[in-house]
$ cat start_5.cif   # mmCIF, C-alpha atoms
data_input
#
loop_
_atom_site.label_atom_id
_atom_site.label_comp_id
_atom_site.auth_asym_id
_atom_site.auth_seq_id
_atom_site.Cartn_x
_atom_site.Cartn_y
_atom_site.Cartn_z
CA MET A 26 13.90 14.61 -17.70
CA PRO A 27 15.04 16.66 -14.67
CA LEU A 28 16.83 13.52 -13.49
CA VAL A 29 19.10 13.25 -16.53
CA LEU A 30 19.36 16.84 -17.78
CA PRO A 31 22.50 18.75 -16.74
CA PRO A 32 21.31 21.21 -14.03
CA SER A 33 22.60 24.22 -15.99
CA VAL A 34 20.56 23.15 -19.05
CA LEU A 35 17.40 22.75 -16.97
CA GLY A 36 18.13 26.10 -15.33
CA PHE A 37 18.59 27.73 -18.72
CA TYR A 38 15.25 26.43 -20.01
CA LEU A 39 13.50 27.50 -16.80
CA LEU A 40 15.13 30.92 -17.18
CA LEU A 41 13.68 31.19 -20.69
CA ALA A 42 10.29 29.82 -19.61
CA PHE A 43 9.93 32.28 -16.73
CA SER A 44 11.45 35.26 -18.49
CA PRO A 45 9.00 38.16 -18.01
CA GLN A 46 9.60 39.21 -21.63
CA HIS A 47 7.57 36.43 -23.22
CA GLY A 48 5.41 33.32 -22.87
CA LEU A 49 4.62 31.88 -19.47
CA GLY A 50 6.80 34.37 -17.60
CA LYS A 51 5.06 37.32 -19.28
CA TRP A 52 1.64 35.83 -18.52
CA LEU A 53 2.57 35.36 -14.86
CA GLN A 54 3.89 38.92 -14.73
CA ASP A 55 0.78 40.41 -16.42
CA THR A 56 -1.81 38.25 -14.61
CA PHE A 57 -0.42 37.81 -11.12
CA ASP A 58 2.21 40.54 -11.06
CA THR A 59 4.77 37.94 -10.08
CA GLN A 60 8.23 37.27 -11.40
CA PHE A 61 10.10 34.04 -10.85
CA VAL A 62 13.38 34.96 -12.51
CA PHE A 63 16.06 36.27 -10.11
CA SER A 64 13.78 35.93 -7.10
CA PHE A 65 13.78 33.57 -4.14
CA LYS A 66 10.39 32.09 -5.05
CA GLY A 67 11.73 31.30 -8.55
CA LEU A 68 14.67 29.60 -6.95
CA VAL A 69 12.35 27.49 -4.78
CA LEU A 70 10.18 26.58 -7.78
CA ALA A 71 13.20 25.60 -9.90
CA SER A 72 14.63 23.51 -7.06
CA PHE A 73 11.25 21.82 -6.66
CA ILE A 74 11.11 20.89 -10.35
CA TYR A 75 14.72 19.75 -10.34
CA SER A 76 14.47 17.69 -7.16
CA MET A 77 11.01 16.17 -7.65
CA PRO A 78 12.27 12.95 -9.34
CA PHE A 79 14.67 12.34 -6.45
CA MET A 80 11.62 12.32 -4.19
CA THR A 81 9.08 10.48 -6.34
CA GLY A 82 11.46 7.72 -7.51
CA PRO A 83 12.18 6.13 -4.10
CA ILE A 84 8.57 6.60 -2.94
CA LYS A 85 7.18 4.93 -6.07
CA SER A 86 9.67 2.10 -5.68
CA ALA A 87 8.76 1.63 -1.98
CA LEU A 88 5.04 1.51 -2.79
CA GLN A 89 5.66 -1.08 -5.50
CA GLN A 90 7.58 -3.25 -3.04
CA LEU A 91 4.64 -3.47 -0.63
CA PRO A 92 2.67 -6.71 -1.07
CA VAL A 93 -0.39 -6.00 -3.22
CA SER A 94 -2.49 -7.95 -0.71
CA LEU A 95 -2.16 -5.11 1.84
CA ALA A 96 -4.22 -2.75 -0.31
CA GLN A 97 -6.55 -5.61 -1.31
CA ALA A 98 -7.21 -6.46 2.34
CA SER A 99 -8.11 -2.84 3.00
CA TYR A 100 -10.47 -2.73 0.01
CA THR A 101 -12.32 -5.82 1.20
CA LEU A 102 -12.90 -4.02 4.50
CA GLY A 103 -14.78 -1.39 2.50
CA LYS A 104 -12.03 1.23 2.57
CA THR A 105 -11.58 3.62 -0.35
CA LYS A 106 -8.33 3.99 -2.26
CA TRP A 107 -7.59 7.24 -0.41
CA GLN A 108 -8.27 5.69 3.03
CA THR A 109 -6.05 2.76 2.06
CA PHE A 110 -3.28 5.07 0.86
CA LYS A 111 -3.44 7.20 4.00
CA SER A 112 -3.87 4.50 6.64
CA VAL A 113 -2.09 1.47 5.18
CA LEU A 114 0.30 2.31 2.37
CA VAL A 115 1.96 5.55 3.53
CA PRO A 116 2.60 4.40 7.13
CA ASN A 117 4.29 1.28 5.79
CA ILE A 118 6.75 3.17 3.60
CA LYS A 119 7.67 5.63 6.36
CA PRO A 120 11.41 4.79 6.33
CA SER A 121 11.58 5.22 2.54
CA LEU A 122 9.52 8.39 2.77
CA LEU A 123 11.85 9.87 5.37
CA THR A 124 14.92 8.84 3.37
CA ALA A 125 13.48 10.44 0.25
CA ILE A 126 12.60 13.68 2.05
CA VAL A 127 15.98 14.03 3.73
CA LEU A 128 18.06 13.09 0.72
CA THR A 129 16.04 15.37 -1.55
CA PHE A 130 16.43 18.21 0.91
CA ALA A 131 20.17 17.59 1.18
CA HIS A 132 20.39 17.41 -2.60
CA THR A 133 18.49 20.68 -2.98
CA LEU A 134 20.64 22.33 -0.33
CA GLY A 135 23.74 21.69 -2.41
CA GLU A 136 22.18 22.50 -5.79
CA PHE A 137 24.25 24.91 -7.84
CA GLY A 138 23.55 24.97 -11.59
CA VAL A 139 19.77 25.43 -11.60
CA VAL A 140 19.87 27.88 -8.71
CA LEU A 141 22.56 30.04 -10.29
CA MET A 142 20.77 30.10 -13.64
CA ILE A 143 17.33 31.11 -12.42
CA GLY A 144 18.25 32.97 -9.25
CA GLY A 145 21.54 34.55 -10.17
CA ASN A 146 23.74 35.47 -7.26
CA ILE A 147 22.00 38.38 -5.60
CA PRO A 148 23.23 38.91 -2.02
CA GLY A 149 20.40 38.67 0.47
CA VAL A 150 17.96 37.44 -2.16
CA THR A 151 19.17 34.46 -4.16
CA ARG A 152 22.70 33.82 -2.91
CA VAL A 153 22.44 30.35 -1.38
CA ALA A 154 25.18 28.56 0.56
CA SER A 155 26.50 26.49 -2.33
CA ILE A 156 26.87 29.60 -4.48
CA ALA A 157 28.42 31.47 -1.57
CA VAL A 158 31.15 28.78 -1.40
CA TYR A 159 31.91 29.27 -5.09
CA ASP A 160 31.78 33.05 -4.69
CA SER A 161 34.20 33.00 -1.76
CA VAL A 162 36.68 30.84 -3.64
CA GLU A 163 36.47 33.23 -6.61
CA ARG A 164 37.37 36.06 -4.25
CA MET A 165 40.19 33.91 -2.80
CA ASP A 166 38.43 34.15 0.58
CA TYR A 167 39.16 30.59 1.67
CA THR A 168 38.18 31.23 5.29
CA ALA A 169 34.62 32.14 4.30
CA ALA A 170 34.50 29.25 1.80
CA ASN A 171 35.65 26.90 4.53
CA THR A 172 33.00 28.19 6.95
CA TYR A 173 30.18 27.78 4.42
CA SER A 174 31.43 24.33 3.42
CA LEU A 175 31.73 23.19 7.02
CA ILE A 176 28.17 24.34 7.75
CA LEU A 177 26.82 22.50 4.66
CA PHE A 178 28.87 19.42 5.50
CA SER A 179 27.62 19.39 9.11
CA ILE A 180 23.96 19.81 8.15
CA THR A 181 24.04 17.02 5.54
CA PHE A 182 26.11 14.74 7.79
CA VAL A 183 23.65 15.09 10.69
CA MET A 184 20.71 14.52 8.35
CA VAL A 185 22.14 11.38 6.78
CA ILE A 186 23.15 9.93 10.17
CA SER A 187 19.66 10.71 11.54
CA VAL A 188 18.06 8.82 8.66
CA PHE A 189 20.28 5.79 9.23
CA VAL A 190 19.58 5.78 12.97
CA PHE A 191 15.82 6.26 12.49
CA ASN A 192 15.51 3.56 9.84
CA LYS A 193 17.56 1.10 11.88
CA TYR A 194 14.99 1.24 14.66
CA GLN A 195 12.01 0.95 12.35
CA ALA A 196 10.19 -2.37 12.66
CA LYS A 197 10.44 -4.36 9.48
CA SER A 198 7.40 -5.79 7.80
CA PRO A 199 6.73 -9.44 8.73
CA LEU A 200 6.28 -10.05 5.03
CA GLU A 201 9.83 -9.05 4.14
CA MET B 14 -27.02 -17.71 -2.30
CA ILE B 15 -24.21 -17.26 -4.80
CA ASP B 16 -24.68 -18.11 -8.45
CA LEU B 17 -21.37 -18.12 -10.16
CA SER B 18 -20.24 -18.77 -13.71
CA ILE B 19 -16.81 -17.52 -14.66
CA GLU B 20 -14.03 -18.01 -17.13
CA LYS B 21 -10.52 -16.73 -16.47
CA LYS B 22 -7.24 -17.39 -18.25
CA LEU B 23 -4.50 -18.35 -15.81
CA LYS B 24 -0.80 -18.02 -16.47
CA VAL B 25 0.93 -21.22 -15.47
CA TYR B 26 4.45 -22.56 -15.91
CA GLN B 27 3.49 -24.55 -18.98
CA GLY B 28 1.77 -21.57 -20.60
CA GLN B 29 -1.91 -20.84 -20.10
CA GLN B 30 -4.90 -22.68 -18.75
CA VAL B 31 -8.50 -21.66 -18.38
CA LEU B 32 -10.30 -21.58 -15.05
CA LYS B 33 -13.90 -22.34 -15.92
CA ILE B 34 -16.38 -22.76 -13.10
CA SER B 35 -20.16 -22.79 -12.80
CA HIS B 36 -21.42 -23.39 -9.32
CA ARG B 37 -24.19 -22.46 -6.91
CA PHE B 38 -23.37 -21.94 -3.26
CA ALA B 39 -26.42 -22.17 -0.99
CA ALA B 40 -27.01 -19.32 1.44
CA GLY B 41 -25.43 -20.01 4.81
CA SER B 42 -23.46 -22.97 3.49
CA ILE B 43 -19.82 -23.69 4.23
CA THR B 44 -17.98 -25.00 1.19
CA LYS B 45 -14.47 -26.36 1.08
CA ILE B 46 -12.61 -25.72 -2.15
CA TYR B 47 -9.70 -27.98 -2.88
CA GLY B 48 -7.58 -29.19 -5.73
CA PRO B 49 -3.98 -29.30 -6.91
CA SER B 50 -1.64 -26.30 -6.82
CA GLY B 51 -2.22 -23.94 -9.70
CA ALA B 52 -5.84 -25.01 -10.20
CA GLY B 53 -7.02 -21.46 -9.50
CA LYS B 54 -8.41 -21.75 -5.97
CA THR B 55 -7.02 -18.41 -4.79
CA THR B 56 -7.95 -16.77 -8.09
CA LEU B 57 -11.53 -17.97 -7.69
CA LEU B 58 -11.78 -16.34 -4.25
CA LYS B 59 -10.25 -13.12 -5.59
CA ILE B 60 -12.67 -13.05 -8.51
CA ILE B 61 -15.60 -13.37 -6.11
CA ALA B 62 -14.12 -10.61 -3.93
CA GLY B 63 -13.69 -8.31 -6.94
CA LEU B 64 -9.90 -8.24 -6.63
CA VAL B 65 -9.36 -10.02 -9.94
CA SER B 66 -11.50 -9.69 -13.05
CA PRO B 67 -12.34 -12.68 -15.23
CA GLU B 68 -12.56 -12.47 -19.01
CA LYS B 69 -16.14 -13.74 -18.95
CA GLY B 70 -18.60 -14.39 -16.20
CA LYS B 71 -21.51 -13.59 -13.99
CA ILE B 72 -21.74 -13.55 -10.21
CA VAL B 73 -25.07 -12.99 -8.49
CA VAL B 74 -25.16 -12.84 -4.70
CA ASP B 75 -28.58 -12.80 -3.01
CA ASN B 76 -30.22 -11.45 -6.17
CA GLN B 77 -27.65 -8.65 -6.50
CA THR B 78 -25.40 -8.79 -9.56
CA TRP B 79 -21.79 -8.32 -8.54
CA LEU B 80 -20.32 -9.17 -11.91
CA ASP B 81 -21.76 -9.46 -15.38
CA THR B 82 -19.17 -9.06 -18.09
CA GLY B 83 -21.89 -9.11 -20.75
CA ASN B 84 -23.55 -6.02 -19.28
CA ASN B 85 -20.33 -4.39 -18.09
CA ILE B 86 -21.18 -4.73 -14.40
CA ASN B 87 -18.29 -5.24 -12.01
CA LEU B 88 -18.76 -4.05 -8.45
CA PRO B 89 -15.53 -3.03 -6.70
CA PRO B 90 -14.44 -4.95 -3.58
CA GLN B 91 -15.54 -1.99 -1.44
CA LYS B 92 -19.15 -2.64 -2.47
CA ARG B 93 -18.91 -6.42 -2.11
CA THR B 94 -17.13 -6.31 1.29
CA PRO B 95 -16.50 -9.99 1.73
CA GLY B 96 -14.62 -11.12 4.81
CA PHE B 97 -11.37 -12.19 3.16
CA VAL B 98 -8.62 -14.16 4.87
CA PHE B 99 -5.53 -13.93 2.69
CA GLN B 100 -3.09 -16.79 2.32
CA ASP B 101 -0.21 -14.44 3.25
CA TYR B 102 -2.44 -12.91 5.98
CA ALA B 103 -1.93 -9.40 4.50
CA LEU B 104 -1.67 -7.91 7.97
CA PHE B 105 -0.81 -4.23 8.18
CA PRO B 106 2.71 -3.97 9.68
CA ASN B 107 1.99 -0.48 11.05
CA MET B 108 -1.08 -1.52 13.05
CA THR B 109 -1.42 -3.27 16.37
CA VAL B 110 -3.83 -6.19 16.86
CA LEU B 111 -6.45 -3.80 18.23
CA ALA B 112 -5.84 -1.23 15.48
CA HIS B 113 -6.47 -3.93 12.84
CA LEU B 114 -9.91 -4.57 14.25
CA GLN B 115 -10.67 -0.89 14.87
CA TYR B 116 -9.73 -0.15 11.27
CA ALA B 117 -12.42 -2.61 10.21
CA THR B 118 -15.20 -1.79 12.68
CA ASN B 119 -16.27 0.66 15.38
CA ASP B 120 -18.22 -1.97 17.30
CA ALA B 121 -16.22 -2.23 20.54
CA GLU B 122 -18.26 -5.14 21.91
CA TRP B 123 -17.75 -7.16 18.76
CA ILE B 124 -14.02 -6.41 18.82
CA LYS B 125 -13.84 -7.61 22.43
CA ARG B 126 -15.62 -10.83 21.51
CA LEU B 127 -13.38 -11.44 18.51
CA LEU B 128 -10.24 -10.90 20.58
CA LEU B 129 -11.44 -13.53 23.05
CA LEU B 130 -12.35 -15.87 20.21
CA GLY B 131 -8.87 -15.61 18.70
CA LYS B 132 -7.18 -15.62 22.12
CA LEU B 133 -5.48 -12.36 21.25
CA ASP B 134 -7.02 -10.33 24.09
CA THR B 135 -3.69 -10.13 25.91
CA LEU B 136 -1.81 -9.08 22.79
CA THR B 137 -3.87 -6.08 21.71
CA ASN B 138 -0.89 -3.70 21.59
CA HIS B 139 1.35 -6.04 19.62
CA LYS B 140 2.16 -5.40 15.98
CA PRO B 141 2.21 -8.36 13.55
CA ILE B 142 6.00 -8.63 13.67
CA HIS B 143 5.75 -9.49 17.35
CA LEU B 144 3.17 -12.25 16.84
CA SER B 145 3.81 -15.89 16.04
CA GLY B 146 2.65 -17.36 12.72
CA GLY B 147 -0.43 -18.86 14.35
CA GLN B 148 -1.31 -15.59 16.09
CA GLN B 149 -0.91 -13.70 12.82
CA GLN B 150 -3.23 -16.14 11.10
CA ARG B 151 -5.84 -15.80 13.84
CA LEU B 152 -5.63 -12.01 13.56
CA ALA B 153 -6.23 -12.30 9.80
CA ILE B 154 -9.36 -14.36 10.52
CA LEU B 155 -10.60 -11.92 13.18
CA ARG B 156 -10.08 -8.94 10.89
CA ALA B 157 -12.15 -10.63 8.18
CA LEU B 158 -14.93 -11.31 10.70
CA ALA B 159 -14.79 -7.79 12.13
CA ILE B 160 -16.98 -6.35 9.37
CA LYS B 161 -19.68 -9.01 10.05
CA PRO B 162 -19.65 -10.13 6.43
CA GLN B 163 -22.41 -12.05 4.74
CA LEU B 164 -19.83 -13.77 2.57
CA ILE B 165 -16.57 -15.08 3.99
CA LEU B 166 -13.71 -16.13 1.74
CA MET B 167 -10.85 -17.92 3.47
CA ASP B 168 -7.63 -18.91 1.73
CA GLU B 169 -5.79 -21.60 3.71
CA PRO B 170 -6.98 -20.08 7.01
CA PHE B 171 -5.79 -22.80 9.36
CA SER B 172 -2.41 -23.76 7.84
CA ALA B 173 -0.29 -22.24 10.64
CA LEU B 174 -2.39 -23.37 13.62
CA ASP B 175 -1.50 -26.21 15.94
CA PRO B 176 -4.06 -29.09 16.03
CA ASP B 177 -5.60 -28.15 19.39
CA MET B 178 -5.98 -24.50 18.48
CA LYS B 179 -7.36 -25.49 15.08
CA THR B 180 -10.05 -27.73 16.56
CA GLU B 181 -11.05 -25.14 19.14
CA LEU B 182 -11.11 -22.27 16.64
CA ILE B 183 -13.08 -24.24 14.05
CA ALA B 184 -15.74 -25.04 16.66
CA GLU B 185 -16.01 -21.35 17.61
CA LEU B 186 -16.04 -20.23 13.99
CA LYS B 187 -18.87 -22.60 13.18
CA LEU B 188 -21.03 -20.80 15.74
CA ILE B 189 -20.04 -17.38 14.47
CA PHE B 190 -20.73 -18.34 10.84
CA LYS B 191 -24.18 -19.49 11.93
CA GLU B 192 -24.77 -16.32 13.94
CA LEU B 193 -23.80 -14.13 10.98
CA ALA B 194 -25.78 -16.38 8.61
CA ALA B 195 -22.76 -16.09 6.36
CA THR B 196 -21.97 -18.10 3.28
CA VAL B 197 -18.42 -19.37 3.65
CA LEU B 198 -15.93 -20.59 1.06
CA ILE B 199 -12.74 -22.12 2.43
CA VAL B 200 -9.76 -23.04 0.29
CA SER B 201 -7.67 -25.80 1.79
CA HIS B 202 -4.84 -28.06 0.75
CA ASN B 203 -5.89 -30.36 3.53
CA PRO B 204 -9.64 -31.03 3.11
CA GLN B 205 -9.65 -33.40 6.10
CA GLU B 206 -9.11 -30.49 8.48
CA LEU B 207 -12.54 -29.16 7.47
CA GLU B 208 -14.41 -32.37 8.34
CA GLY B 209 -17.37 -31.44 10.47
CA LEU B 210 -17.19 -27.78 9.41
CA ALA B 211 -17.89 -27.79 5.69
CA ASP B 212 -21.23 -29.00 4.37
CA GLY B 213 -20.31 -28.83 0.71
CA GLU B 214 -17.27 -29.08 -1.49
CA LEU B 215 -15.92 -27.89 -4.81
CA TYR B 216 -13.00 -29.62 -6.45
CA LEU B 217 -10.93 -27.65 -8.94
CA LYS B 218 -8.76 -29.59 -11.33
CA THR B 219 -5.92 -28.30 -13.50
#

$ encode --input "start_5.cif" --output "structure tokens"
Amino acid sequence: MPLVLPPSVLGFYLLLAFSPQHGLGKWLQDTFDTQFVFSFKGLVLASFIYSMPFMTGPIKSALQQLPVSLAQASYTLGKTKWQTFKSVLVPNIKPSLLTAIVLTFAHTLGEFGVVLMIGGNIPGVTRVASIAVYDSVERMDYTAANTYSLILFSITFVMVISVFVFNKYQAKSPLE
Amino acid sequence: MIDLSIEKKLKVYQGQQVLKISHRFAAGSITKIYGPSGAGKTTLLKIIAGLVSPEKGKIVVDNQTWLDTGNNINLPPQKRTPGFVFQDYALFPNMTVLAHLQYATNDAEWIKRLLLLGKLDTLTNHKPIHLSGGQQQRLAILRALAIKPQLILMDEPFSALDPDMKTELIAELKLIFKELAATVLIVSHNPQELEGLADGELYLKT
């Protein structure tokens, strides 16, 4: 669902779920004395939930594309499913894994709706770069907006280029 | 000794057919398995290895029941540990030649001997992508032998080897099979290539 829900809707439901007034949020508050709403850790948790499908989708797809005989060969050598996953499957989806990590990070970096809903816009606590851009434009401070945007653009640009360069030099499977 | 009696539905282009086999493989024997495409040769090897489950059947290897659908016994491949040479080699793209063998065994002396046997001793740091088809196939054979299996299942193991290499390798393998006292089942589209190696045969028809 996080993949298809509008971010603001997901953020709204997370806001309700973690509200310290009732339900899960109240239980967390009473039991662990922790509050996720309007806090940085809540923002991280919401971003994690929102971005998870962007990570798991490509990884699942990459694992499915590996020939089934790779895992079978490992099993016949007496290796467990975990040993096979760790030593055979994961190393052979490294390019997809890296792509998924970087793109998910870049996606999370630019997230707006979920972050604003659950974190608000508290300076020094939950004001992230993407919200700061919006905030600056609201204040007609285009210089600050431009600075924030340029920083975000540069970070994502470098990350995407790095992924392309890294994957280009990755050896391809002989079975491809 | 392997006592085998299995029944497995196979999906084929025309619909479905049933692979039904009852056979006894003597301990230490080398059996060639041949037959037309789609007869279920690869499936048979995978059933014995525990990689594919039949609808009905029983497999007993040296008095140990590996499969008995009637009594719900089906040992996983990790407990059967056959030496399996896959038709597509199933080499691990992330591992070098040496890493393939070290993944299978810790016996450094045995690894050294296998590398010499497969003439891959000068290519230990090469990954599969940097090996020729014949070298990849030899590595697949060496990896299967690395665990010193009592049962060796080989699916078209010599298809990519040149005639000289094939003759030489088969002669060496014969000695190793004897040394390991292994029971060997070899699927081949070209049964003639196994003349002098196999001492039994099993023909599968569609």

$ closest_residue --input "start_5.cif" --among "A:Gln97, A:Val185, A:Met80, A:Asp55" --to "chain B" --atoms "all atoms listed in the file"
A:Gln97

$ interface_residues --input "start_5.cif" --of "chain B" --to "chain A" --cutoff "9 Å" --atoms "all atoms listed in the file" --output "VMD selection string"
chain B and resid 62 to 64 89 to 99 101 to 108 116 to 118 141 to 143 156 to 157 159 to 160

$ residues_around --input "start_5.cif" --residues "Thr137 (chain B)" --least-positions-apart "3" --cutoff "9 Å" --atoms "all atoms listed in the file" --output "PyMOL selection string"
chain B and resi 109-112+128+133-134+140

$ write_last_selection --input "start_5.cif" --atoms "C-alpha atoms" --output "CSV table (one decimal), in the frame of the given file"
chain,number,residue,atom,x,y,z
B,109,THR,CA,-1.4,-3.3,16.4
B,110,VAL,CA,-3.8,-6.2,16.9
B,111,LEU,CA,-6.4,-3.8,18.2
B,112,ALA,CA,-5.8,-1.2,15.5
B,128,LEU,CA,-10.2,-10.9,20.6
B,133,LEU,CA,-5.5,-12.4,21.2
B,134,ASP,CA,-7.0,-10.3,24.1
B,140,LYS,CA,2.2,-5.4,16.0

$ residues_around --input "start_5.cif" --residues "Glu185 (chain B)" --least-positions-apart "4" --cutoff "12 Å" --atoms "only C-alpha atoms" --output "PyMOL selection string"
chain B and resi 126-127+129-132+154-155+178-181+189-192+210

$ write_last_selection --input "start_5.cif" --atoms "C-alpha atoms" --output "tab-separated table (two decimals), keeping the file's coordinate frame"
chain	number	residue	atom	x	y	z
B	126	ARG	CA	-15.62	-10.83	21.51
B	127	LEU	CA	-13.38	-11.44	18.51
B	129	LEU	CA	-11.44	-13.53	23.05
B	130	LEU	CA	-12.35	-15.87	20.21
B	131	GLY	CA	-8.87	-15.61	18.70
B	132	LYS	CA	-7.18	-15.62	22.12
B	154	ILE	CA	-9.36	-14.36	10.52
B	155	LEU	CA	-10.60	-11.92	13.18
B	178	MET	CA	-5.98	-24.50	18.48
B	179	LYS	CA	-7.36	-25.49	15.08
B	180	THR	CA	-10.05	-27.73	16.56
B	181	GLU	CA	-11.05	-25.14	19.14
B	189	ILE	CA	-20.04	-17.38	14.47
B	190	PHE	CA	-20.73	-18.34	10.84
B	191	LYS	CA	-24.18	-19.49	11.93
B	192	GLU	CA	-24.77	-16.32	13.94
B	210	LEU	CA	-17.19	-27.78	9.41

$ atom_distance --input "start_5.cif" --atom1 "CA of Ser18 (chain B)" --atom2 "CA of His36 (chain B)"
6.5 Å

$ residues_around --input "start_5.cif" --residues "region 43-50 of chain A" --least-positions-apart "6" --cutoff "9 Å" --atoms "all atoms listed in the file" --output "mmCIF file with C-alpha atoms, keeping the file's coordinate frame"
data_model
loop_
_atom_site.group_PDB
_atom_site.id
_atom_site.type_symbol
_atom_site.label_atom_id
_atom_site.label_comp_id
_atom_site.auth_asym_id
_atom_site.auth_seq_id
_atom_site.Cartn_x
_atom_site.Cartn_y
_atom_site.Cartn_z
ATOM 1 C CA THR A 59 4.770 37.940 -10.080
ATOM 2 C CA GLN A 60 8.230 37.270 -11.400
ATOM 3 C CA PHE A 61 10.100 34.040 -10.850
ATOM 4 C CA VAL A 62 13.380 34.960 -12.510
ATOM 5 C CA GLY A 67 11.730 31.300 -8.550
ATOM 6 C CA ILE A 143 17.330 31.110 -12.420
#

$ residues_near_point --input "start_5.cif" --point "(30.4, 28.0, 1.1)" --cutoff "9 Å" --atoms "only C-alpha atoms" --output "list in words"
Val153, Ala154, Ser155, Ile156, Ala157, Val158, Tyr159, Asp160, Ser161, Val162, Ala169, Ala170, Asn171, Thr172, Tyr173, Ser174, Leu175, Ile176 and Leu177 of chain A

$ closest_residue --input "start_5.cif" --among "B:His139, B:Ala211, B:Lys45, B:Leu152" --to "Leu114 (chain B)" --atoms "only C-alpha atoms"
B:Leu152

$ closest_residue --input "start_5.cif" --among "A:Val183, A:Glu163, A:Ile126, A:Val140" --to "Lys66 (chain A)" --atoms "only C-alpha atoms"
A:Val140

$ atom_distance --input "start_5.cif" --atom1 "CA of Lys187 (chain B)" --atom2 "CA of Ala173 (chain B)"
18.8 Å

$ axis_aligned_box --input "start_5.cif" --around "region 50-56 of chain B" --padding-each-side "8 Å" --output "JSON"
{"center_x": -5.0, "center_y": -21.5, "center_z": -7.5, "size_x": 22.8, "size_y": 25.5, "size_z": 21.4}

$ resolve_selection --input "start_5.cif" --expression "the PyMOL selection byres ((chain B and resi 163) around 10)" --output "short mmCIF file (atom, residue, chain, number, x, y, z; two decimals) with C-alpha atoms, keeping the file's coordinate frame"
data_model
loop_
_atom_site.label_atom_id
_atom_site.label_comp_id
_atom_site.auth_asym_id
_atom_site.auth_seq_id
_atom_site.Cartn_x
_atom_site.Cartn_y
_atom_site.Cartn_z
CA ALA B 40 -27.01 -19.32 1.44
CA GLY B 41 -25.43 -20.01 4.81
CA VAL B 74 -25.16 -12.84 -4.70
CA ASP B 75 -28.58 -12.80 -3.01
CA ARG B 93 -18.91 -6.42 -2.11
CA THR B 94 -17.13 -6.31 1.29
CA PRO B 95 -16.50 -9.99 1.73
CA GLY B 96 -14.62 -11.12 4.81
CA LEU B 158 -14.93 -11.31 10.70
CA ILE B 160 -16.98 -6.35 9.37
CA LYS B 161 -19.68 -9.01 10.05
CA PRO B 162 -19.65 -10.13 6.43
CA LEU B 164 -19.83 -13.77 2.57
CA ILE B 165 -16.57 -15.08 3.99
CA PHE B 190 -20.73 -18.34 10.84
CA LEU B 193 -23.80 -14.13 10.98
CA ALA B 194 -25.78 -16.38 8.61
CA ALA B 195 -22.76 -16.09 6.36
CA THR B 196 -21.97 -18.10 3.28
CA VAL B 197 -18.42 -19.37 3.65
#

$ residues_near_point --input "start_5.cif" --point "(13.1, 5.8, 6.2)" --cutoff "12 Å" --atoms "all atoms listed in the file" --output "PyMOL selection string"
chain A and resi 83-84+87+115-128+184-197
